[in-house]
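Raw target_21.tsv, TSV, C-alpha atoms and all ligand atoms:
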chain	number	residue	atom	x	y	z
A	1	MET	CA	230.91	76.57	59.29
A	2	GLU	CA	233.05	73.43	59.11
A	3	ILE	CA	236.63	74.30	60.04
A	4	ASP	CA	239.66	72.26	59.08
A	5	PHE	CA	241.82	72.73	62.17
A	6	SER	CA	244.75	70.89	60.61
A	7	GLU	CA	245.04	73.42	57.78
A	8	ILE	CA	247.87	75.91	57.64
A	9	ASN	CA	248.90	77.71	54.47
A	10	TYR	CA	252.26	79.13	53.44
A	11	ILE	CA	252.95	82.03	51.10
A	12	GLN	CA	256.51	82.97	50.18
A	13	ASP	CA	257.23	86.60	49.25
A	14	PRO	CA	253.67	87.45	48.14
A	15	ASN	CA	253.17	89.60	45.03
A	16	TRP	CA	250.47	92.24	44.50
A	17	ARG	CA	248.04	89.62	43.25
A	18	ASP	CA	248.35	87.60	46.49
A	19	LEU	CA	247.91	90.78	48.51
A	20	HIS	CA	244.72	92.06	46.84
A	21	ALA	CA	243.56	95.66	46.85
A	22	ASP	CA	242.98	96.09	50.58
A	23	TYR	CA	243.34	94.20	53.83
A	24	GLU	CA	239.72	93.07	53.82
A	25	GLN	CA	239.99	91.39	50.43
A	26	PHE	CA	243.36	90.02	51.48
A	27	LEU	CA	241.74	88.53	54.59
A	28	LEU	CA	238.85	87.07	52.57
A	29	SER	CA	241.32	85.44	50.16
A	30	MET	CA	242.69	83.29	52.99
A	31	THR	CA	241.00	80.05	53.96
A	32	GLY	CA	242.71	79.33	57.29
A	33	PRO	CA	245.81	80.24	59.32
A	34	THR	CA	248.38	81.65	56.92
A	35	VAL	CA	252.14	81.94	57.21
A	36	ILE	CA	253.78	84.67	55.12
A	37	ASP	CA	257.53	84.35	54.68
A	38	ILE	CA	259.58	87.30	53.51
A	39	THR	CA	263.14	86.89	52.39
A	40	GLY	CA	265.62	89.17	54.12
A	41	LEU	CA	269.29	90.05	53.67
A	42	GLU	CA	270.40	87.67	56.39
A	43	THR	CA	268.57	84.47	55.51
A	44	LYS	CA	269.89	82.43	58.43
A	45	LYS	CA	267.98	84.60	60.90
A	46	CYS	CA	264.26	85.02	61.19
A	47	ARG	CA	261.99	87.36	63.16
A	48	VAL	CA	258.43	86.23	63.75
A	49	ILE	CA	255.33	88.38	64.12
A	50	THR	CA	252.00	86.71	64.88
A	51	THR	CA	248.63	88.38	64.76
A	52	LEU	CA	244.88	87.82	64.71
A	53	LEU	CA	244.99	85.07	67.33
A	54	GLN	CA	241.68	86.67	68.20
A	55	GLY	CA	239.62	87.46	65.12
A	56	SER	CA	238.39	90.81	66.47
A	57	GLU	CA	241.86	92.33	66.87
A	58	PRO	CA	242.76	93.76	63.47
A	59	SER	CA	245.74	96.11	63.96
A	60	GLY	CA	248.39	93.50	63.12
A	61	LEU	CA	246.65	92.42	59.92
A	62	ILE	CA	246.01	96.00	58.80
A	63	ALA	CA	249.61	97.02	59.51
A	64	LEU	CA	251.04	93.90	57.89
A	65	HIS	CA	249.03	94.47	54.72
A	66	ARG	CA	250.17	98.08	54.64
A	67	TRP	CA	253.80	97.07	55.12
A	68	LEU	CA	253.62	94.37	52.44
A	69	THR	CA	251.98	96.63	49.86
A	70	THR	CA	253.99	99.80	50.43
A	71	ARG	CA	257.52	98.53	51.07
A	72	ASN	CA	260.19	98.90	48.45
A	73	VAL	CA	260.65	95.25	47.43
A	74	LYS	CA	264.22	95.96	46.37
A	75	GLU	CA	265.10	96.91	49.94
A	76	LEU	CA	265.00	93.64	51.79
A	77	PRO	CA	264.40	93.52	55.54
A	78	LYS	CA	267.54	92.88	57.58
A	79	THR	CA	266.61	89.24	58.24
A	80	ASN	CA	263.95	86.86	57.04
A	81	LEU	CA	260.54	87.68	58.48
A	82	ARG	CA	257.71	85.31	59.19
A	83	PHE	CA	254.19	86.63	59.75
A	84	ILE	CA	251.52	84.26	61.01
A	85	ILE	CA	247.87	85.25	60.61
A	86	CYS	CA	245.99	82.94	62.94
A	87	SER	CA	242.20	83.00	63.42
A	88	VAL	CA	241.23	83.73	59.83
A	89	GLU	CA	237.84	81.98	59.98
A	90	ALA	CA	236.68	83.98	63.00
A	91	ALA	CA	237.95	87.22	61.45
A	92	CYS	CA	236.05	86.46	58.21
A	93	VAL	CA	232.67	86.23	59.96
A	94	LYS	CA	230.65	89.32	58.97
A	95	PRO	CA	230.95	92.07	60.01
A	96	LEU	CA	234.62	91.37	59.32
A	97	LEU	CA	237.12	91.47	62.16
A	98	SER	CA	234.53	91.63	64.91
A	99	LYS	CA	234.45	88.06	66.21
A	100	ARG	CA	237.01	86.93	68.78
A	101	PHE	CA	236.50	83.23	68.03
A	102	ILE	CA	233.98	81.11	66.16
A	103	ASP	CA	230.81	80.21	68.12
A	104	GLY	CA	231.22	76.90	69.87
A	105	SER	CA	235.01	77.03	69.81
A	106	LYS	CA	237.46	78.42	72.34
A	107	ASP	CA	239.78	81.43	72.46
A	108	ILE	CA	242.91	79.94	70.86
A	109	ASN	CA	245.15	82.17	72.97
A	110	ARG	CA	244.11	80.06	75.95
A	111	CYS	CA	245.04	76.76	74.26
A	112	PHE	CA	248.86	76.85	74.16
A	113	GLY	CA	251.09	74.55	76.19
A	114	GLU	CA	248.48	73.34	78.68
A	115	LYS	CA	250.47	72.09	81.68
A	116	GLU	CA	247.69	70.41	83.59
A	117	PRO	CA	245.44	69.32	80.77
A	118	ASP	CA	241.77	69.41	81.56
A	119	LYS	CA	240.67	66.35	79.60
A	120	ILE	CA	237.08	67.49	79.14
A	121	GLN	CA	238.17	70.88	77.76
A	122	ILE	CA	240.75	69.32	75.46
A	123	GLU	CA	238.24	66.80	74.13
A	124	LYS	CA	235.57	69.46	73.66
A	125	TYR	CA	237.87	71.92	71.91
A	126	LYS	CA	240.24	69.45	70.27
A	127	GLY	CA	240.50	71.47	67.05
A	128	CYS	CA	241.52	74.65	68.90
A	129	TYR	CA	244.33	72.85	70.76
A	130	GLU	CA	245.44	71.24	67.50
A	131	ARG	CA	245.57	74.65	65.80
A	132	ALA	CA	247.48	76.15	68.72
A	133	GLN	CA	250.10	73.43	68.30
A	134	LEU	CA	250.37	74.10	64.56
A	135	ILE	CA	250.93	77.79	65.19
A	136	GLU	CA	253.49	77.12	67.90
A	137	GLN	CA	255.25	74.76	65.50
A	138	ALA	CA	255.22	77.39	62.74
A	139	VAL	CA	257.03	79.76	65.11
A	140	LYS	CA	259.55	77.20	66.34
A	141	GLU	CA	260.52	75.79	62.95
A	142	VAL	CA	262.36	78.99	62.01
A	143	ASN	CA	264.26	79.33	65.34
A	144	PRO	CA	263.22	82.98	65.65
A	145	GLU	CA	265.54	85.57	67.09
A	146	VAL	CA	262.51	87.58	68.25
A	147	MET	CA	258.85	86.81	68.54
A	148	VAL	CA	256.17	89.51	68.70
A	149	ASP	CA	252.46	88.85	69.02
A	150	LEU	CA	250.17	91.74	68.03
A	151	HIS	CA	246.80	92.26	69.75
A	152	ASN	CA	244.16	94.90	70.43
A	153	ALA	CA	242.06	95.77	73.43
A	154	PRO	CA	238.27	95.66	72.92
A	155	ASN	CA	237.86	99.26	74.13
A	156	PRO	CA	240.06	102.36	73.88
A	157	CYS	CA	243.28	101.69	75.75
A	158	PRO	CA	246.84	103.02	75.53
A	159	THR	CA	249.46	100.79	73.89
A	160	PHE	CA	251.43	98.50	76.16
A	161	ALA	CA	253.67	95.47	75.85
A	162	VAL	CA	253.51	92.32	77.95
A	163	SER	CA	256.34	89.90	78.57
A	164	SER	CA	257.26	87.28	81.12
A	165	LYS	CA	260.84	88.59	81.17
A	166	ILE	CA	262.47	91.99	81.50
A	167	THR	CA	265.67	91.99	79.48
A	168	THR	CA	267.53	94.52	77.33
A	169	GLU	CA	265.93	92.90	74.30
A	170	THR	CA	262.34	92.93	75.57
A	171	LEU	CA	262.76	96.58	76.62
A	172	SER	CA	264.18	97.46	73.21
A	173	LEU	CA	261.44	95.60	71.37
A	174	THR	CA	258.84	97.36	73.52
A	175	SER	CA	260.36	100.73	72.63
A	176	PHE	CA	259.59	100.03	68.94
A	177	PHE	CA	255.91	100.17	69.82
A	178	CYS	CA	255.32	102.01	73.08
A	179	GLN	CA	256.62	103.11	76.47
A	180	THR	CA	255.06	100.62	78.84
A	181	LEU	CA	256.10	97.03	79.48
A	182	VAL	CA	253.97	94.91	81.76
A	183	LEU	CA	255.83	92.04	83.38
A	184	SER	CA	253.39	89.19	83.72
A	185	ASP	CA	253.65	85.81	85.36
A	186	LEU	CA	250.03	84.93	84.63
A	187	GLN	CA	249.57	81.42	83.30
A	188	LEU	CA	246.77	81.68	80.77
A	189	CYS	CA	248.04	79.19	78.18
A	190	SER	CA	248.73	82.05	75.79
A	191	LEU	CA	251.23	81.96	72.94
A	192	MET	CA	253.46	84.50	74.67
A	193	GLU	CA	254.06	82.20	77.65
A	194	GLN	CA	255.64	79.51	75.45
A	195	ASP	CA	259.40	79.15	75.32
A	196	PHE	CA	260.77	80.12	71.92
A	197	SER	CA	264.33	80.57	73.23
A	198	CYS	CA	264.24	84.22	72.16
A	199	PRO	CA	262.84	87.55	73.39
A	200	THR	CA	259.07	87.21	73.24
A	201	ILE	CA	256.55	90.01	73.74
A	202	THR	CA	252.89	90.69	73.20
A	203	ILE	CA	251.88	94.16	72.07
A	204	GLU	CA	248.43	95.40	72.98
A	205	CYS	CA	248.35	98.02	70.23
A	206	GLY	CA	245.34	99.91	71.62
A	207	GLY	CA	241.61	99.84	70.96
A	208	ARG	CA	240.51	97.58	68.12
A	209	VAL	CA	238.90	100.36	66.08
A	210	ASP	CA	241.51	103.00	66.83
A	211	GLU	CA	243.52	104.18	63.78
A	212	GLN	CA	246.34	105.03	66.15
A	213	ALA	CA	246.58	101.36	67.18
A	214	HIS	CA	247.05	100.35	63.52
A	215	GLU	CA	249.67	103.07	63.20
A	216	VAL	CA	251.55	101.74	66.23
A	217	ALA	CA	251.56	98.23	64.76
A	218	TYR	CA	252.81	99.48	61.39
A	219	ALA	CA	255.63	101.56	62.89
A	220	GLY	CA	256.71	98.56	64.99
A	221	ILE	CA	256.77	96.21	61.99
A	222	CYS	CA	258.92	98.71	60.05
A	223	GLN	CA	261.36	98.95	62.95
A	224	ILE	CA	261.60	95.18	63.35
A	225	ALA	CA	262.19	94.77	59.60
A	226	ASN	CA	264.91	97.44	59.51
A	227	CYS	CA	266.66	96.83	62.79
A	228	GLU	CA	270.25	95.67	62.33
A	229	ASP	CA	270.61	93.72	65.56
A	230	ILE	CA	267.93	93.53	68.24
A	231	GLY	CA	270.53	92.86	70.94
A	232	TYR	CA	272.44	96.07	70.27
A	233	ILE	CA	269.88	98.73	69.67
A	234	GLN	CA	269.61	102.00	71.37
A	235	GLN	CA	266.24	101.97	73.10
A	236	GLU	CA	263.91	104.18	71.07
A	237	ARG	CA	262.45	105.79	74.19
A	238	GLY	CA	262.28	105.32	77.93
A	239	VAL	CA	260.16	102.35	78.94
A	240	GLU	CA	258.17	102.16	82.14
A	241	VAL	CA	257.92	98.70	83.66
A	242	ILE	CA	254.77	97.62	85.44
A	243	TYR	CA	255.05	94.55	87.59
A	244	LEU	CA	252.74	91.58	87.79
A	245	PRO	CA	249.14	92.65	87.22
A	246	LEU	CA	246.29	90.53	88.53
A	247	ARG	CA	243.00	89.77	86.83
A	248	LEU	CA	239.74	90.89	88.37
A	249	GLN	CA	237.07	88.34	87.62
A	250	ALA	CA	233.39	87.93	88.33
A	251	ARG	CA	232.65	84.76	90.24
A	252	GLU	CA	230.94	81.97	88.34
A	253	GLY	CA	227.26	82.72	87.74
A	254	VAL	CA	227.39	86.33	88.98
A	255	ASN	CA	225.38	88.82	86.95
A	256	LEU	CA	227.39	91.60	85.27
A	257	SER	CA	225.92	94.88	84.02
A	258	TYR	CA	227.16	98.28	82.89
A	259	ALA	CA	225.40	101.53	83.74
A	260	ASP	CA	225.87	105.25	84.28
A	261	HIS	CA	223.99	105.21	87.58
A	262	ASP	CA	223.14	102.70	90.27
A	263	GLU	CA	220.25	100.76	88.78
A	264	GLY	CA	220.00	98.28	91.64
A	265	TYR	CA	220.92	95.28	89.46
A	266	SER	CA	221.98	92.06	91.11
A	267	GLY	CA	225.65	91.08	91.07
A	268	ILE	CA	228.16	93.59	89.76
A	269	THR	CA	227.50	96.80	87.83
A	270	LEU	CA	230.53	98.54	86.38
A	271	LYS	CA	230.47	102.14	85.23
A	272	GLN	CA	229.54	102.31	81.56
A	273	ASN	CA	232.71	104.26	80.84
A	274	ILE	CA	234.96	101.82	82.70
A	275	ASP	CA	237.48	102.00	79.84
A	276	TYR	CA	238.29	105.61	80.83
A	277	PHE	CA	240.28	104.11	83.68
A	278	ASN	CA	242.64	102.49	81.13
A	279	PHE	CA	244.17	105.92	80.66
A	280	GLY	CA	244.57	107.63	84.00
A	281	GLY	CA	244.05	104.72	86.36
A	282	ALA	CA	241.74	104.88	89.35
A	283	ASN	CA	242.58	106.61	92.59
A	284	GLN	CA	242.14	105.59	96.19
A	285	GLY	CA	238.54	106.32	97.19
A	286	GLU	CA	237.31	106.42	93.60
A	287	MET	CA	234.31	104.27	92.76
A	288	ILE	CA	234.25	102.11	89.67
A	289	GLY	CA	230.75	100.65	89.97
A	290	TRP	CA	228.08	99.21	92.24
A	291	ILE	CA	227.55	95.88	93.87
A	292	ASP	CA	224.65	93.98	95.42
A	293	GLY	CA	224.33	92.71	99.01
A	294	ASN	CA	226.91	89.98	98.43
A	295	GLY	CA	229.61	92.67	98.28
A	296	LEU	CA	233.13	91.62	97.37
A	297	GLU	CA	231.97	87.99	97.35
A	298	ASN	CA	230.84	88.66	93.78
A	299	LEU	CA	234.43	89.05	92.64
A	300	HIS	CA	237.78	87.41	92.90
A	301	LEU	CA	241.27	88.66	92.40
A	302	LEU	CA	243.74	85.82	92.78
A	303	ASN	CA	247.45	86.32	93.32
A	304	LYS	CA	249.92	83.83	91.92
A	305	HIS	CA	249.56	81.58	94.94
A	306	GLY	CA	245.84	81.35	94.26
A	307	CYS	CA	244.91	83.50	97.30
A	308	ASP	CA	242.11	85.99	96.91
A	309	VAL	CA	243.56	89.45	97.59
A	310	ILE	CA	240.53	91.51	96.60
A	311	ASP	CA	240.44	93.14	100.07
A	312	GLU	CA	243.78	94.82	99.38
A	313	TYR	CA	242.50	96.51	96.24
A	314	PHE	CA	238.82	97.30	96.73
A	315	TYR	CA	236.24	97.90	99.41
A	316	ILE	CA	232.51	98.53	99.54
A	317	ARG	CA	231.16	101.95	100.49
A	318	GLU	CA	227.41	101.53	100.93
A	319	ASN	CA	226.79	99.71	97.65
A	320	GLN	CA	229.65	101.22	95.69
A	321	LEU	CA	232.72	99.34	94.56
A	322	VAL	CA	235.63	101.58	95.57
A	323	CYS	CA	239.43	101.48	95.09
A	324	LYS	CA	241.41	100.97	98.29
A	325	GLN	CA	244.67	102.13	96.67
A	326	ASN	CA	245.81	104.10	93.67
A	327	LEU	CA	245.44	101.55	90.89
A	328	ARG	CA	246.33	101.14	87.24
A	329	LEU	CA	243.81	99.33	85.11
A	330	PHE	CA	244.44	97.62	81.78
A	331	LYS	CA	242.02	96.34	79.20
A	332	ALA	CA	238.98	97.43	81.17
A	333	THR	CA	236.11	96.77	78.80
A	334	SER	CA	232.37	97.28	78.61
A	335	ASP	CA	232.14	94.22	76.34
A	336	LYS	CA	230.27	91.93	78.71
A	337	GLN	CA	231.14	88.77	76.79
A	338	ILE	CA	234.87	89.39	77.02
A	339	ALA	CA	234.65	90.62	80.60
A	340	LEU	CA	232.91	87.42	81.70
A	341	ASN	CA	234.97	85.04	79.58
A	342	ASP	CA	238.32	86.62	80.29
A	343	CYS	CA	238.32	89.23	83.05
A	344	LEU	CA	236.79	92.58	83.95
A	345	PHE	CA	240.25	94.12	83.76
A	346	TYR	CA	243.89	93.70	84.72
A	347	VAL	CA	244.94	95.68	87.75
A	348	VAL	CA	248.15	96.65	89.52
A	349	LYS	CA	248.93	98.94	92.43
A	350	LYS	CA	250.33	102.23	91.18
A	351	THR	CA	254.09	102.73	91.44
A	352	ASN	CA	256.65	104.54	89.34
A	353	ASN	CA	259.30	102.45	87.66
A	354	ARG	CA	260.65	104.25	84.66
A	355	LEU	CA	263.75	102.50	83.29
B	1	ZN	ZN	244.10	89.65	72.09
Mind converting the file's structure to structure tokens?
Ligand SMILES: [Zn+2]
Amino acid sequence: MEIDFSEINYIQDPNWRDLHADYEQFLLSMTGPTVIDITGLETKKCRVITTLLQGSEPSGLIALHRWLTTRNVKELPKTNLRFIICSVEAACVKPLLSKRFIDGSKDINRCFGEKEPDKIQIEKYKGCYERAQLIEQAVKEVNPEVMVDLHNAPNPCPTFAVSSKITTETLSLTSFFCQTLVLSDLQLCSLMEQDFSCPTITIECGGRVDEQAHEVAYAGICQIANCEDIGYIQQERGVEVIYLPLRLQAREGVNLSYADHDEGYSGITLKQNIDYFNFGGANQGEMIGWIDGNGLENLHLLNKHGCDVIDEYFYIRENQLVCKQNLRLFKATSDKQIALNDCLFYVVKKTNNRL
């Protein structure tokens, strides 16, 4: 499929015809990234919600379509709202909403604000970087007072928010969606890391095929639309803050498998039900998989100084990969493609920080 990476479409206050009968037809009616502007009571302010940066993460789109088609159009949101639906082409590949990005292109949420540009990457994926800039521009041009980016995890996972700042506003915004805010200083060239001069959070709504995740996204959109003033809201519920997770990655070229038992595969084998750990975490002494004779050398877990700290988190017991501490895991997935391209999971040592 030939993609026009310079395309971006705008729809102002869509009517029922623009919205089609369901979110799938609505999606198929779009030809590329689409900006939907909704007029609010206070037209000098705008709140921005982005979604579908990855085409396989549907909660934001589903919730947005539900909000647009069920709201009382006479009751305007408190401020203008701008929704940006990003990777439409990937999402339209059949089966719908299953493809993270188009074959041969790059995950667009790794193409924002590259600080040390890798010329070969930028040349190879020129269109993706161009699109990332267009989306960033579409956020900045309305000087948003808040910016929320809606995502899903590939496997079942509780809802959590991610931000690079802990402020009253980011805690309040989080409380619209969930009870966990992950403070992250990871530099992945994601949209959330960009400076929009306003509270900016990512919401991982939950598993991509989980109705509850769509429900979370919908409830959050309603709250953002109806909230009088983000700076002065009573937090909806207590929010637990989790500090600075790291990403566990397989080293380049290492074989990754998933299994219920030790099958003696080379490289790393994670337990087939690795996503269970997204809920309760993994305890000291608990095994999460198996590993070949190269042991921890198969993996790396870099801290922000670029030092490998895998020894602090895991050890090898015979050929089992075992937790050295009580750990919390996020976005653990048995989707091999995502695990190899992105990471096996995010991990943090367990503490209790309920604010
Ligand atoms: Zn995502």
Per residue of chain A within 6 Å of ligand ZN 1 (chain B), what are the shortest atom pair and its distance in Å to one decimal, counting only C-alpha atoms and all ligand atoms, with rows by chain and residue number, as a tab-separated table?
residue	atom	partner	partner_atom	distance
A:Gln54	CA	B:ZN1	ZN	5.5
A:His151	CA	B:ZN1	ZN	4.4
A:Asn152	CA	B:ZN1	ZN	5.5
If you keep C-alpha atoms, can you produce a file of those selected residues as a CSV table (one decimal), in the frame of the given file?
chain,number,residue,atom,x,y,z
A,54,GLN,CA,241.7,86.7,68.2
A,151,HIS,CA,246.8,92.3,69.8
A,152,ASN,CA,244.2,94.9,70.4
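Distance check against Gln337 (chain A) using only C-alpha atoms: of A:Gln223, A:Arg131, A:Phe101, A:Asp311, the minimum falls on A:Phe101.
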| When you draw a straight line from CA of Ile36 (chain A) to CA of Gln212 (chain A), how long is it in Å? | 24.3 Å
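Here CA of Gln325 (chain A) stands at a distance of 15.7 Å from CA of Tyr243 (chain A).
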| task | Report the distance between CA of Glu263 (chain A) and CA of Asn278 (chain A) in Å, rounded to one decimal place. | result |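 Between CA of Glu263 (chain A) and CA of Asn278 (chain A) the gap works out to 23.7 Å.
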| request: Find, counting only C-alpha atoms, the residue in A:Phe83, A:Phe314, A:Tyr218, A:Phe196 that gets nearest to Leu301 (chain A). | output: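 Smallest separation from Leu301 (chain A) among the options: A:Phe314.
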Per residue of region 62-115 of chain A within 10 Å of region 189-194 of chain A, note the shortest atom pair and the distance in Å to one decimal, counting all atoms listed in the file, and order the rows by chain and increasing residue number, as CSV.
residue,atom,partner,partner_atom,distance
A:Asp107,CA,A:Ser190,CA,9.6
A:Ile108,CA,A:Ser190,CA,7.9
A:Asn109,CA,A:Ser190,CA,4.6
A:Arg110,CA,A:Cys189,CA,4.6
A:Cys111,CA,A:Cys189,CA,5.5
A:Phe112,CA,A:Cys189,CA,4.7
A:Gly113,CA,A:Cys189,CA,5.9
A:Glu114,CA,A:Cys189,CA,5.9
A:Lys115,CA,A:Cys189,CA,8.3
| field | A:Lys124, A:Arg47, A:Arg71, A:Lys106 ranked by distance to Lys140 (chain A), top pick (using only C-alpha atoms) | value |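 For Lys140 (chain A), the nearest of the given residues is A:Arg47.
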Name the residues, using the chain letters and numbers of the file, that sit within 9 Å of (239.3, 81.8, 52.1) when counting all atoms listed in the file, and give them as an mmCIF file with C-alpha atoms, keeping the file's coordinate frame.
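What landed in result.cif:
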data_model
loop_
_atom_site.group_PDB
_atom_site.id
_atom_site.type_symbol
_atom_site.label_atom_id
_atom_site.label_comp_id
_atom_site.auth_asym_id
_atom_site.auth_seq_id
_atom_site.Cartn_x
_atom_site.Cartn_y
_atom_site.Cartn_z
ATOM 1 C CA LEU A 27 241.740 88.530 54.590
ATOM 2 C CA LEU A 28 238.850 87.070 52.570
ATOM 3 C CA SER A 29 241.320 85.440 50.160
ATOM 4 C CA MET A 30 242.690 83.290 52.990
ATOM 5 C CA THR A 31 241.000 80.050 53.960
ATOM 6 C CA GLY A 32 242.710 79.330 57.290
ATOM 7 C CA VAL A 88 241.230 83.730 59.830
ATOM 8 C CA GLU A 89 237.840 81.980 59.980
ATOM 9 C CA CYS A 92 236.050 86.460 58.210
#
| query | What's the 7 Å shell around Asn326 (chain A), counting all atoms listed in the file, without same-chain residues fewer than 4 positions away, as an MDAnalysis selection string? | reply | chainID A and resid 282:284 349:350
| Shortest interatomic distance to Thr269 (chain A) - which of A:Arg317, A:Lys336, A:Arg237, A:Arg82, counting all atoms listed in the file |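 Checking each of A:Arg317, A:Lys336, A:Arg237, A:Arg82 against Thr269 (chain A), counting all atoms listed in the file, the winner is A:Lys336.
All protein, DNA and RNA residues at most 8 Å from (229.9, 98.7, 83.1) are Leu256, Ser257, Tyr258, Ala259, Asp260, Thr269, Leu270, Lys271, Gln272, Asn273, Ile274, Gly289, Thr333 and Ser334 of chain A, using all atoms listed in the file.
With all atoms listed in the file as the atoms that count, the residue of A:Gly306, A:Pro58, A:Pro144, A:Gly40 with the shortest distance to Ile230 (chain A) is A:Pro144.
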| query | Residues at most 7 Å from Val216 (chain A), counting only C-alpha atoms, excluding those fewer than 4 positions away in the same chain, as a list in words? | reply | Phe177, Cys205, Gln212 and Gly220 of chain A
Just C-alpha atoms for this one: save the residues we selected as a PDB file, in the coordinates of the input.
ATOM      1  CA  PHE A 177     255.910 100.170  69.820  1.00  0.00           C
ATOM      2  CA  CYS A 205     248.350  98.020  70.230  1.00  0.00           C
ATOM      3  CA  GLN A 212     246.340 105.030  66.150  1.00  0.00           C
ATOM      4  CA  GLY A 220     256.710  98.560  64.990  1.00  0.00           C
TER       5      GLY A 220
END
| said: Give me the residues near Lys78 (chain A) as a ChimeraX atom specification, where near means some atom within 12 Å (using all atoms listed in the file) and where sequence neighbours in that chain fewer than 3 positions away do not count. | reply: /A:38-47,75,81,222-230
Neighbours of Thr70 (chain A) within 12 Å (all atoms listed in the file; same-chain residues fewer than 6 positions away dropped), as a PDB file with C-alpha atoms, keeping the file's coordinate frame?
ATOM      1  CA  ASN A  15     253.170  89.600  45.030  1.00  0.00           C
ATOM      2  CA  TRP A  16     250.470  92.240  44.500  1.00  0.00           C
ATOM      3  CA  LEU A  19     247.910  90.780  48.510  1.00  0.00           C
ATOM      4  CA  ALA A  21     243.560  95.660  46.850  1.00  0.00           C
ATOM      5  CA  ASP A  22     242.980  96.090  50.580  1.00  0.00           C
ATOM      6  CA  ALA A  63     249.610  97.020  59.510  1.00  0.00           C
ATOM      7  CA  LEU A  64     251.040  93.900  57.890  1.00  0.00           C
ATOM      8  CA  TYR A 218     252.810  99.480  61.390  1.00  0.00           C
ATOM      9  CA  CYS A 222     258.920  98.710  60.050  1.00  0.00           C
TER      10      CYS A 222
END
| said: Can you tell me which residues surround Phe5 (chain A) at a distance of at most 10 Å, considering only C-alpha atoms, apart from same-chain residues fewer than 4 positions away, and format the answer as JSON, numbers by chain? | reply: {"A": [32, 33, 126, 127, 128, 129, 130, 131, 132, 134]}
